[in-house]
Structures are given as structure tokens and as C-alpha cells.
file query00.cif (mmCIF, C-alpha atoms)
data_structure
#
loop_
_atom_site.group_PDB
_atom_site.id
_atom_site.type_symbol
_atom_site.label_atom_id
_atom_site.label_comp_id
_atom_site.auth_asym_id
_atom_site.auth_seq_id
_atom_site.Cartn_x
_atom_site.Cartn_y
_atom_site.Cartn_z
ATOM 1 C CA CYS A 1 -56.844 -126.029 74.061
ATOM 2 C CA ASP A 2 -54.766 -126.758 71.017
ATOM 3 C CA PHE A 3 -55.751 -123.431 69.528
ATOM 4 C CA LYS A 4 -54.577 -121.563 72.571
ATOM 5 C CA SER A 5 -51.352 -123.471 72.629
ATOM 6 C CA ASN A 6 -50.841 -122.710 68.980
ATOM 7 C CA VAL A 7 -51.466 -119.062 69.647
ATOM 8 C CA ARG A 8 -49.080 -119.135 72.521
ATOM 9 C CA MET A 9 -46.515 -120.906 70.425
ATOM 10 C CA ARG A 10 -46.882 -118.410 67.633
ATOM 11 C CA ASN A 11 -46.814 -115.322 69.832
ATOM 12 C CA PRO A 12 -43.157 -115.605 70.724
ATOM 13 C CA ALA A 13 -42.277 -115.827 67.074
ATOM 14 C CA MET A 14 -44.454 -112.867 66.320
ATOM 15 C CA ASP A 15 -42.999 -110.969 69.264
ATOM 16 C CA SER A 16 -39.511 -111.825 68.151
ATOM 17 C CA SER A 17 -40.233 -110.667 64.652
ATOM 18 C CA GLU A 18 -41.823 -107.391 65.645
ATOM 19 C CA PRO A 19 -38.599 -105.748 66.773
ATOM 20 C CA GLY A 20 -36.918 -106.745 63.561
ATOM 21 C CA GLN A 21 -39.849 -105.467 61.609
ATOM 22 C CA LEU A 22 -39.835 -102.217 63.504
ATOM 23 C CA PHE A 23 -36.093 -101.917 63.006
ATOM 24 C CA ASP A 24 -36.462 -102.587 59.316
ATOM 25 C CA ASP A 25 -39.180 -99.965 59.007
ATOM 26 C CA THR A 26 -37.105 -97.467 60.829
ATOM 27 C CA SER A 27 -34.041 -98.221 58.730
ATOM 28 C CA THR A 28 -35.904 -97.981 55.500
ATOM 29 C CA SER A 29 -37.596 -94.764 56.467
ATOM 30 C CA ALA A 30 -34.454 -93.240 57.948
ATOM 31 C CA GLY A 31 -32.979 -92.576 54.531
ATOM 32 C CA PRO A 32 -35.731 -90.303 53.262
ATOM 33 C CA GLN A 33 -36.068 -88.664 56.633
ATOM 34 C CA GLY A 34 -32.310 -88.057 56.769
ATOM 35 C CA ALA A 35 -32.330 -86.717 53.261
ATOM 36 C CA GLY A 36 -35.210 -84.471 54.085
ATOM 37 C CA HIS A 37 -33.478 -83.317 57.238
ATOM 38 C CA SER A 38 -30.296 -82.426 55.320
ATOM 39 C CA GLY A 39 -32.369 -80.509 52.813
ATOM 40 C CA LEU A 40 -34.078 -78.627 55.621
ATOM 41 C CA ASP A 41 -30.643 -77.670 57.028
ATOM 42 C CA LYS A 42 -29.740 -75.841 53.830
ATOM 43 C CA GLY A 43 -32.968 -73.934 53.771
ATOM 44 C CA PRO A 44 -32.479 -71.950 56.994
ATOM 45 C CA VAL A 45 -28.832 -71.127 56.047
ATOM 46 C CA ALA A 46 -29.853 -69.616 52.708
ATOM 47 C CA TYR A 47 -32.763 -67.875 54.350
ATOM 48 C CA THR A 48 -30.460 -66.424 56.997
ATOM 49 C CA GLY A 49 -28.041 -65.044 54.337
ATOM 50 C CA GLN A 50 -30.866 -63.431 52.438
ATOM 51 C CA THR A 51 -32.163 -61.939 55.656
ATOM 52 C CA VAL A 52 -28.762 -60.419 56.473
ATOM 53 C CA LEU A 53 -28.397 -58.983 52.989
ATOM 54 C CA SER A 54 -31.872 -57.540 53.040
ATOM 55 C CA ASP A 55 -31.498 -56.196 56.561
ATOM 56 C CA PRO A 56 -31.696 -52.354 56.589
ATOM 57 C CA MET A 57 -29.095 -52.206 59.351
ATOM 58 C CA SER A 58 -26.514 -53.986 57.191
ATOM 59 C CA ASN A 59 -27.165 -51.595 54.305
ATOM 60 C CA LEU A 60 -26.771 -48.674 56.683
ATOM 61 C CA ALA A 61 -23.496 -50.092 57.960
ATOM 62 C CA MET A 62 -22.189 -50.535 54.413
ATOM 63 C CA ALA A 63 -23.129 -46.956 53.529
ATOM 64 C CA TYR A 64 -21.476 -45.656 56.685
ATOM 65 C CA GLY A 65 -18.312 -47.630 55.954
ATOM 66 C CA SER A 66 -18.104 -46.276 52.392
ATOM 67 C CA SER A 67 -18.553 -42.722 53.671
ATOM 68 C CA LEU A 68 -15.749 -43.233 56.180
ATOM 69 C CA ALA A 69 -13.506 -44.582 53.409
ATOM 70 C CA SER A 70 -14.209 -41.580 51.183
ATOM 71 C CA GLN A 71 -13.522 -39.165 54.045
ATOM 72 C CA GLY A 72 -10.262 -40.924 54.819
ATOM 73 C CA LYS A 73 -9.217 -40.718 51.169
ATOM 74 C CA GLU A 74 -9.961 -36.984 51.086
ATOM 75 C CA MET A 75 -7.925 -36.386 54.243
ATOM 76 C CA MET A 76 -5.016 -38.411 52.882
ATOM 77 C CA ASP A 77 -5.078 -36.507 49.583
ATOM 78 C CA LYS A 78 -5.053 -33.156 51.409
ATOM 79 C CA ASN A 79 -2.155 -34.115 53.676
ATOM 80 C CA LEU A 80 -0.223 -35.682 50.810
ATOM 81 C CA ASP A 81 -0.741 -32.662 48.574
ATOM 82 C CA ARG A 82 0.595 -30.449 51.360
ATOM 83 C CA PHE A 83 4.026 -32.094 51.179
ATOM 84 C CA ILE A 84 4.015 -33.541 47.643
ATOM 85 C CA PRO A 85 2.094 -31.521 45.032
ATOM 86 C CA VAL A 86 0.587 -34.504 43.245
ATOM 87 C CA SER A 87 -1.680 -32.332 41.105
ATOM 88 C CA LYS A 88 1.326 -30.355 39.875
ATOM 89 C CA LEU A 89 3.358 -33.490 39.230
ATOM 90 C CA LYS A 90 0.653 -34.758 36.909
ATOM 91 C CA TYR A 91 1.260 -31.729 34.697
ATOM 92 C CA TYR A 92 4.974 -32.502 34.372
ATOM 93 C CA PHE A 93 4.288 -36.097 33.333
ATOM 94 C CA ALA A 94 1.599 -35.241 30.763
ATOM 95 C CA VAL A 95 3.734 -36.232 27.760
ATOM 96 C CA ASP A 96 3.385 -38.424 24.710
ATOM 97 C CA THR A 97 5.736 -40.098 22.250
ATOM 98 C CA LEU A 98 5.759 -37.163 19.840
ATOM 99 C CA TYR A 99 6.713 -34.718 22.575
ATOM 100 C CA VAL A 100 9.521 -36.956 23.854
ATOM 101 C CA GLY A 101 10.993 -37.264 20.366
ATOM 102 C CA LYS A 102 10.859 -33.517 19.739
ATOM 103 C CA LYS A 103 12.288 -32.716 23.160
ATOM 104 C CA LEU A 104 15.206 -35.095 22.767
ATOM 105 C CA GLY A 105 15.965 -33.565 19.375
ATOM 106 C CA LEU A 106 15.804 -30.098 20.921
ATOM 107 C CA LEU A 107 18.218 -31.092 23.698
ATOM 108 C CA VAL A 108 20.761 -32.525 21.268
ATOM 109 C CA PHE A 109 20.341 -29.915 18.503
ATOM 110 C CA PRO A 110 18.836 -26.654 19.833
ATOM 111 C CA TYR A 111 20.488 -24.308 17.339
ATOM 112 C CA MET A 112 17.710 -24.123 14.744
ATOM 113 C CA HIS A 113 14.857 -23.696 17.213
ATOM 114 C CA GLU A 114 13.459 -20.155 17.156
ATOM 115 C CA ASN A 115 10.414 -19.824 19.417
ATOM 116 C CA TRP A 116 11.344 -20.631 23.043
ATOM 117 C CA GLU A 117 8.324 -19.139 24.790
ATOM 118 C CA VAL A 118 5.977 -21.398 26.745
ATOM 119 C CA CYS A 119 2.382 -21.373 25.536
ATOM 120 C CA TYR A 120 -0.338 -20.386 28.000
ATOM 121 C CA GLN A 121 -4.062 -20.987 28.088
ATOM 122 C CA GLN A 122 -6.064 -18.819 30.485
ATOM 123 C CA ASP A 123 -2.970 -17.835 32.494
ATOM 124 C CA THR A 124 -1.895 -21.473 32.923
ATOM 125 C CA PRO A 125 0.795 -23.205 30.855
ATOM 126 C CA VAL A 126 -0.397 -25.889 28.515
ATOM 127 C CA ALA A 127 0.585 -29.514 29.068
ATOM 128 C CA PRO A 128 4.030 -30.538 27.813
ATOM 129 C CA ARG A 129 2.550 -32.809 25.150
ATOM 130 C CA PHE A 130 1.128 -29.698 23.467
ATOM 131 C CA ASP A 131 4.224 -27.501 23.817
ATOM 132 C CA VAL A 132 7.790 -28.651 23.275
ATOM 133 C CA ASN A 133 9.108 -25.680 25.291
ATOM 134 C CA ALA A 134 7.273 -26.705 28.463
ATOM 135 C CA PRO A 135 9.409 -28.392 31.152
ATOM 136 C CA ASP A 136 8.658 -31.976 32.076
ATOM 137 C CA LEU A 137 9.884 -34.570 34.547
ATOM 138 C CA TYR A 138 9.431 -37.650 32.389
ATOM 139 C CA ILE A 139 12.615 -37.181 30.357
ATOM 140 C CA PRO A 140 14.805 -36.265 33.384
ATOM 141 C CA ALA A 141 13.505 -39.242 35.383
ATOM 142 C CA MET A 142 13.970 -41.722 32.543
ATOM 143 C CA ALA A 143 17.342 -40.215 31.648
ATOM 144 C CA PHE A 144 18.545 -40.530 35.251
ATOM 145 C CA ILE A 145 17.571 -44.211 35.388
ATOM 146 C CA THR A 146 19.109 -44.864 31.972
ATOM 147 C CA TYR A 147 22.307 -43.098 33.047
ATOM 148 C CA ILE A 148 22.635 -45.453 36.024
ATOM 149 C CA LEU A 149 22.098 -48.477 33.763
ATOM 150 C CA VAL A 150 24.636 -47.221 31.216
ATOM 151 C CA ALA A 151 27.107 -46.550 34.029
ATOM 152 C CA GLY A 152 26.663 -50.148 35.200
ATOM 153 C CA LEU A 153 27.242 -51.359 31.632
ATOM 154 C CA ALA A 154 30.406 -49.285 31.339
ATOM 155 C CA LEU A 155 31.724 -50.576 34.647
ATOM 156 C CA GLY A 156 30.894 -54.139 33.635
ATOM 157 C CA THR A 157 32.881 -53.909 30.402
ATOM 158 C CA GLN A 158 35.864 -52.769 32.475
ATOM 159 C CA ASN A 159 35.473 -55.514 35.103
ATOM 160 C CA ARG A 160 34.831 -52.870 37.760
ATOM 161 C CA PHE A 161 31.153 -53.502 38.363
ATOM 162 C CA SER A 162 29.856 -53.972 41.880
ATOM 163 C CA PRO A 163 26.459 -53.192 43.419
ATOM 164 C CA GLU A 164 28.087 -50.946 46.007
ATOM 165 C CA PHE A 165 29.924 -48.900 43.389
ATOM 166 C CA LEU A 166 26.783 -48.563 41.274
ATOM 167 C CA GLY A 167 24.821 -47.453 44.338
ATOM 168 C CA MET A 168 27.452 -44.830 45.097
ATOM 169 C CA GLN A 169 27.219 -43.641 41.498
ATOM 170 C CA ALA A 170 23.449 -43.220 41.726
ATOM 171 C CA SER A 171 23.525 -41.549 45.135
ATOM 172 C CA SER A 172 26.293 -39.130 44.138
ATOM 173 C CA ALA A 173 24.424 -38.108 40.984
ATOM 174 C CA LEU A 174 21.262 -37.520 43.028
ATOM 175 C CA VAL A 175 23.128 -35.534 45.702
ATOM 176 C CA TRP A 176 24.776 -33.302 43.104
ATOM 177 C CA LEU A 177 21.385 -32.677 41.536
ATOM 178 C CA ILE A 178 19.926 -31.607 44.894
ATOM 179 C CA ILE A 179 22.924 -29.378 45.603
ATOM 180 C CA GLU A 180 22.585 -27.748 42.191
ATOM 181 C CA VAL A 181 18.875 -27.010 42.663
ATOM 182 C CA LEU A 182 19.421 -25.610 46.164
ATOM 183 C CA ALA A 183 22.264 -23.414 44.916
ATOM 184 C CA VAL A 184 20.082 -22.010 42.133
ATOM 185 C CA LEU A 185 17.233 -21.325 44.564
ATOM 186 C CA LEU A 186 19.611 -19.522 46.906
ATOM 187 C CA SER A 187 21.058 -17.490 44.039
ATOM 188 C CA LEU A 188 17.604 -16.460 42.852
ATOM 189 C CA TYR A 189 16.750 -15.385 46.389
ATOM 190 C CA LEU A 190 19.940 -13.338 46.798
ATOM 191 C CA VAL A 191 19.520 -11.637 43.452
ATOM 192 C CA THR A 192 15.838 -10.981 44.304
ATOM 193 C CA VAL A 193 14.463 -12.325 41.041
ATOM 194 C CA ASN A 194 10.687 -12.438 40.770
ATOM 195 C CA THR A 195 10.138 -15.339 38.425
ATOM 196 C CA ASP A 196 7.569 -18.037 37.844
ATOM 197 C CA LEU A 197 10.271 -20.704 38.060
ATOM 198 C CA THR A 198 9.362 -23.345 40.619
ATOM 199 C CA THR A 199 11.524 -25.926 42.327
ATOM 200 C CA ILE A 200 10.086 -28.621 40.067
ATOM 201 C CA ASP A 201 11.016 -26.526 37.020
ATOM 202 C CA LEU A 202 14.605 -26.315 38.241
ATOM 203 C CA VAL A 203 14.705 -30.079 38.816
ATOM 204 C CA ALA A 204 13.435 -30.606 35.274
ATOM 205 C CA PHE A 205 15.947 -28.242 33.682
ATOM 206 C CA SER A 206 18.804 -29.668 35.740
ATOM 207 C CA GLY A 207 17.803 -33.214 34.812
ATOM 208 C CA TYR A 208 17.995 -32.625 31.072
ATOM 209 C CA LYS A 209 21.782 -32.892 31.185
ATOM 210 C CA TYR A 210 21.543 -36.654 31.758
ATOM 211 C CA VAL A 211 20.558 -37.048 28.107
ATOM 212 C CA GLY A 212 23.919 -35.673 26.978
ATOM 213 C CA MET A 213 25.712 -37.751 29.601
ATOM 214 C CA ILE A 214 24.143 -40.927 28.220
ATOM 215 C CA VAL A 215 25.179 -40.005 24.676
ATOM 216 C CA GLY A 216 28.736 -39.321 25.821
ATOM 217 C CA VAL A 217 29.137 -42.587 27.743
ATOM 218 C CA LEU A 218 27.646 -44.669 24.921
ATOM 219 C CA ALA A 219 29.970 -42.989 22.425
ATOM 220 C CA GLY A 220 32.878 -43.788 24.731
ATOM 221 C CA LEU A 221 31.868 -47.446 24.909
ATOM 222 C CA LEU A 222 31.646 -47.668 21.125
ATOM 223 C CA PHE A 223 34.507 -45.457 19.965
ATOM 224 C CA GLY A 224 36.765 -45.051 22.968
ATOM 225 C CA LYS A 225 37.867 -41.856 24.638
ATOM 226 C CA THR A 226 37.957 -39.900 21.398
ATOM 227 C CA GLY A 227 34.304 -40.621 20.723
ATOM 228 C CA TYR A 228 33.466 -39.814 24.342
ATOM 229 C CA TYR A 229 35.087 -36.384 24.271
ATOM 230 C CA LEU A 230 33.624 -35.457 20.886
ATOM 231 C CA ALA A 231 30.094 -36.532 21.815
ATOM 232 C CA LEU A 232 30.301 -34.940 25.256
ATOM 233 C CA LEU A 233 31.619 -31.696 23.805
ATOM 234 C CA TRP A 234 28.689 -31.515 21.409
ATOM 235 C CA CYS A 235 26.166 -32.296 24.122
ATOM 236 C CA CYS A 236 27.740 -29.771 26.507
ATOM 237 C CA ALA A 237 27.461 -27.026 23.908
ATOM 238 C CA SER A 238 23.874 -28.044 23.163
ATOM 239 C CA ILE A 239 22.767 -28.022 26.801
ATOM 240 C CA PHE A 240 24.493 -24.660 27.332
ATOM 241 C CA VAL A 241 22.557 -23.093 24.448
ATOM 242 C CA PHE A 242 19.347 -24.779 25.581
ATOM 243 C CA MET A 243 19.650 -23.475 29.147
ATOM 244 C CA ILE A 244 20.560 -19.942 28.047
ATOM 245 C CA ARG A 245 17.622 -19.611 25.677
ATOM 246 C CA THR A 246 15.187 -21.208 28.115
ATOM 247 C CA LEU A 247 16.161 -19.573 31.400
ATOM 248 C CA ARG A 248 16.631 -16.066 30.057
ATOM 249 C CA LEU A 249 12.903 -15.926 29.381
ATOM 250 C CA LYS A 250 12.235 -17.001 32.957
ATOM 251 C CA ILE A 251 14.837 -15.017 34.878
ATOM 252 C CA LEU A 252 14.712 -11.904 32.703
ATOM 253 C CA SER A 253 10.936 -11.950 32.283
ATOM 254 C CA GLU A 254 10.410 -9.350 35.024
ATOM 255 C CA ALA A 255 12.894 -6.970 33.454
ATOM 256 C CA ALA A 256 11.366 -7.416 30.019
ATOM 257 C CA ALA A 257 7.880 -6.778 31.403
ATOM 258 C CA GLU A 258 8.985 -3.606 33.214
ATOM 259 C CA GLY A 259 10.961 -2.342 30.219
ATOM 260 C CA MET A 260 14.224 -2.108 32.136
ATOM 261 C CA ILE A 261 17.454 -1.291 30.348
ATOM 262 C CA VAL A 262 19.446 -4.365 29.497
ATOM 263 C CA ARG A 263 22.680 -2.712 30.617
ATOM 264 C CA GLY A 264 21.287 -2.059 34.089
ATOM 265 C CA ALA A 265 23.300 -3.419 37.003
ATOM 266 C CA LYS A 266 20.478 -5.577 38.337
ATOM 267 C CA ASN A 267 19.625 -6.900 34.911
ATOM 268 C CA GLN A 268 23.263 -7.725 34.184
ATOM 269 C CA LEU A 269 23.430 -9.631 37.456
ATOM 270 C CA ARG A 270 20.469 -11.708 36.338
ATOM 271 C CA MET A 271 22.159 -12.361 33.016
ATOM 272 C CA TYR A 272 25.316 -13.513 34.779
ATOM 273 C CA LEU A 273 23.225 -15.821 36.942
ATOM 274 C CA THR A 274 21.622 -17.305 33.841
ATOM 275 C CA MET A 275 25.008 -17.909 32.246
ATOM 276 C CA ALA A 276 26.360 -19.436 35.466
ATOM 277 C CA ILE A 277 23.474 -21.907 35.654
ATOM 278 C CA ALA A 278 23.993 -22.853 32.013
ATOM 279 C CA ALA A 279 27.777 -23.156 32.435
ATOM 280 C CA ALA A 280 27.372 -25.452 35.424
ATOM 281 C CA GLN A 281 25.680 -28.107 33.292
ATOM 282 C CA PRO A 282 28.795 -29.100 31.268
ATOM 283 C CA VAL A 283 30.848 -29.203 34.481
ATOM 284 C CA PHE A 284 28.466 -31.683 36.080
ATOM 285 C CA MET A 285 28.254 -33.682 32.862
ATOM 286 C CA TYR A 286 32.006 -34.181 32.756
ATOM 287 C CA TRP A 287 32.365 -34.751 36.493
ATOM 288 C CA LEU A 288 29.805 -37.558 36.530
ATOM 289 C CA THR A 289 31.016 -39.395 33.411
ATOM 290 C CA PHE A 290 34.787 -39.045 32.940
ATOM 291 C CA HIS A 291 35.603 -41.995 35.238
ATOM 292 C CA LEU A 292 33.232 -44.314 33.329
ATOM 293 C CA VAL A 293 35.275 -44.322 30.107
ATOM 294 C CA ARG A 294 38.816 -45.717 29.986
#

call {"tool": "encode", "arguments": {"input": "query00.cif", "output": "C-alpha cells"}}
result
Amino acid sequence: CDFKSNVRMRNPAMDSSEPGQLFDDTSTSAGPQGAGHSGLDKGPVAYTGQTVLSDPMSNLAMAYGSSLASQGKEMMDKNLDRFIPVSKLKYYFAVDTLYVGKKLGLLVFPYMHENWEVCYQQDTPVAPRFDVNAPDLYIPAMAFITYILVAGLALGTQNRFSPEFLGMQASSALVWLIIEVLAVLLSLYLVTVNTDLTTIDLVAFSGYKYVGMIVGVLAGLLFGKTGYYLALLWCCASIFVFMIRTLRLKILSEAAAEGMIVRGAKNQLRMYLTMAIAAAQPVFMYWLTFHLVR
């Protein structure tokens, strides 16, 4: 009887301790299980990424997307080349430091230069960096930008600088350049000259005058109006000689190839056109720079 009572007295204590013991076991084992569960969560994610990357359908989609991108690039290049001859523009910017130095010297002092013919290789002109007589767009583009900067400097020294006035200066210089090129193209068409001169060639030759304009304005800033007129006069004479000796080989090339008489009426008209194009360069040089020096 006492034994049973003792058992009954101990059972509640044991029963009351069992939940705590179960709770403690669960709490102590929850950590490893939780850690193991978090580790198992990372496994399927990595496995899923590897499955996607190794999926043949994803590789096929990537290949299809790259083919679409290449086709789009080809179509864009064709349409762009239709309006802007990018392949031709690369030729006019194929220059190096040696060519730029020689070309600038030729523009400022063309009197001692003898051979003015452009070199050809398999019926195509060589790149400008191999021939100083070849036209380029690098010097005209850089000279145009430098001319705008020098014009801003000249206006600043005279307390006349303003962004609007500088913008008008740049736009007027660009408009006069376009008008000059269009006028030359129209003149060549009216005179019926068969020449290999392209529109880009005319832009290049017309842009060379900015080199002399920069020299004239800088001389005016350093030495006043006297220095401006002397430097501009020299540069005007140099660009006139340069244009005559360069363009006569282009405009009169057909007549020279056919052996026509120089005193022929048509050939004289071409010579007058060449001289008119060359004479227009000093006029534009003075018109675009005289108001910058005071």
C-alpha cells in the first residue's frame, strides 16, 4: 500500500517533468535541425541555377538572341552607310602626328612643294598618313573647333564674350562652309566637269582655310591689327597657292587625260572655276575674322 502510494506520489512529478524534458529535447535538437534545414535550402537553389545554365533551351535562346543582335547590327550599318558613308569617313581620318605636322607646314608654306599628285594603290588613293597630298577631315574638323575657341578668347579679351554671340559665330561659319561647298558643286555641274572630287573632298579643301584664320586671329591678339593683317595676308596667299595647285589636278584631270588644248574654251572655263574657288578662300577668311580683332 505504501509502495503504491509512493508510486502515485511520484507519478505526478514524473508527469510534470516529462513535458519539460520533451521541451528541452526539442529545443536542443532544434538547433541542428534548423541548421540542417537552412543548409538544405541552399542546395536546391544552387542546383536550380546549374540546371537552368545547363538547360539546352536556355543555350538555344542565348544563341538566338545573339543572332538577332548581329542581324540588327548589320541592318543598322547598311542603313547608316546609305546616308552617312562611314567607311569613307574612316579614310579621311586615317592620319598620324607626322602627317598632321607636314600638312600644316604645307598649308602655311606651300611654295617649295613640288609633287602635288595623290598616290594611288590599285586604283584607290592611299591613306592620308602615307601621302601628304591626300585630303583629310581631321585637320579641318580640329581647325574649326580651335577657331571657335580662339574666337571666344578674342571676344573675352575685348569684354564682348557671350554664349549667344559665340554660338552665332560657330553657326555662321558652318553655314558659310555649307554654302561654299554647294556653290562649288553647282559650278562643277554647270561646267560639266568629270572629276573624282567628292563632296567630302570639297569639305576638306574648304576647311583648310581655318588654319590660316587661327594664325591671323592669334597674331592679332598678340601684335594688334598690324600683326593680324600681315599674318592673314600671308595665310591668304598660301591657301590660294595651295588650292590652285591641288584643284587643278582634280578639275583639269579630264582635259589632261584627253590631251585637250589648254587654250580651249571649255578648258579655260575650268581654269577660271579653279581660280574662283581658290580666290574665295581669302574672302571667307577675312569675312569671318576681321570683327574679332580690334

call {"tool": "resolve_selection", "arguments": {"input": "query00.cif", "expression": "the PyMOL selection byres ((chain A and resi 234) around 12)", "output": "mmCIF file with C-alpha atoms, in the frame of the given file"}}
result
data_model
loop_
_atom_site.group_PDB
_atom_site.id
_atom_site.type_symbol
_atom_site.label_atom_id
_atom_site.label_comp_id
_atom_site.auth_asym_id
_atom_site.auth_seq_id
_atom_site.Cartn_x
_atom_site.Cartn_y
_atom_site.Cartn_z
ATOM 1 C CA LEU A 107 18.218 -31.092 23.698
ATOM 2 C CA VAL A 108 20.761 -32.525 21.268
ATOM 3 C CA PHE A 109 20.341 -29.915 18.503
ATOM 4 C CA PRO A 110 18.836 -26.654 19.833
ATOM 5 C CA TYR A 111 20.488 -24.308 17.339
ATOM 6 C CA VAL A 211 20.558 -37.048 28.107
ATOM 7 C CA GLY A 212 23.919 -35.673 26.978
ATOM 8 C CA MET A 213 25.712 -37.751 29.601
ATOM 9 C CA VAL A 215 25.179 -40.005 24.676
ATOM 10 C CA GLY A 216 28.736 -39.321 25.821
ATOM 11 C CA ALA A 219 29.970 -42.989 22.425
ATOM 12 C CA GLY A 227 34.304 -40.621 20.723
ATOM 13 C CA TYR A 228 33.466 -39.814 24.342
ATOM 14 C CA TYR A 229 35.087 -36.384 24.271
ATOM 15 C CA LEU A 230 33.624 -35.457 20.886
ATOM 16 C CA ALA A 231 30.094 -36.532 21.815
ATOM 17 C CA LEU A 232 30.301 -34.940 25.256
ATOM 18 C CA LEU A 233 31.619 -31.696 23.805
ATOM 19 C CA CYS A 235 26.166 -32.296 24.122
ATOM 20 C CA CYS A 236 27.740 -29.771 26.507
ATOM 21 C CA ALA A 237 27.461 -27.026 23.908
ATOM 22 C CA SER A 238 23.874 -28.044 23.163
ATOM 23 C CA ILE A 239 22.767 -28.022 26.801
ATOM 24 C CA PHE A 240 24.493 -24.660 27.332
ATOM 25 C CA VAL A 241 22.557 -23.093 24.448
ATOM 26 C CA PRO A 282 28.795 -29.100 31.268
ATOM 27 C CA MET A 285 28.254 -33.682 32.862
#

call {"tool": "atom_distance", "arguments": {"input": "query00.cif", "atom1": "CA of Asp123 in chain A", "atom2": "CA of Tyr189 in chain A"}}
result
24.2 Å

call {"tool": "resolve_selection", "arguments": {"input": "query00.cif", "expression": "the PyMOL selection byres ((chain A and resi 150-152) around 12)", "output": "JSON, numbers by chain"}}
result
{"A": [143, 144, 145, 146, 147, 148, 149, 153, 154, 155, 156, 157, 158, 159, 160, 161, 162, 163, 164, 165, 166, 167, 168, 169, 170, 173, 210, 211, 213, 214, 215, 216, 217, 218, 219, 220, 221, 288, 289, 290, 291, 292, 293]}

call {"tool": "axis_aligned_box", "arguments": {"input": "query00.cif", "around": "range 138-141 of chain A", "padding_each_side": "4 Å", "output": "lines of an AutoDock Vina configuration file"}}
result
center_x = 12.1
center_y = -37.8
center_z = 32.9
size_x = 13.4
size_y = 11.0
size_z = 13.0

call {"tool": "residues_around", "arguments": {"input": "query00.cif", "residues": "range 89-96 of chain A", "least_positions_apart": "4", "cutoff": "10 Å", "atoms": "only C-alpha atoms", "output": "list in words"}}
result
Ile84, Pro85, Val100, Gly101, Pro125, Val126, Ala127, Pro128, Arg129, Phe130, Asp131, Val132, Ala134, Pro135, Asp136, Leu137, Tyr138, Ile139, Ala141, Ile200, Asp201 and Ala204 of chain A
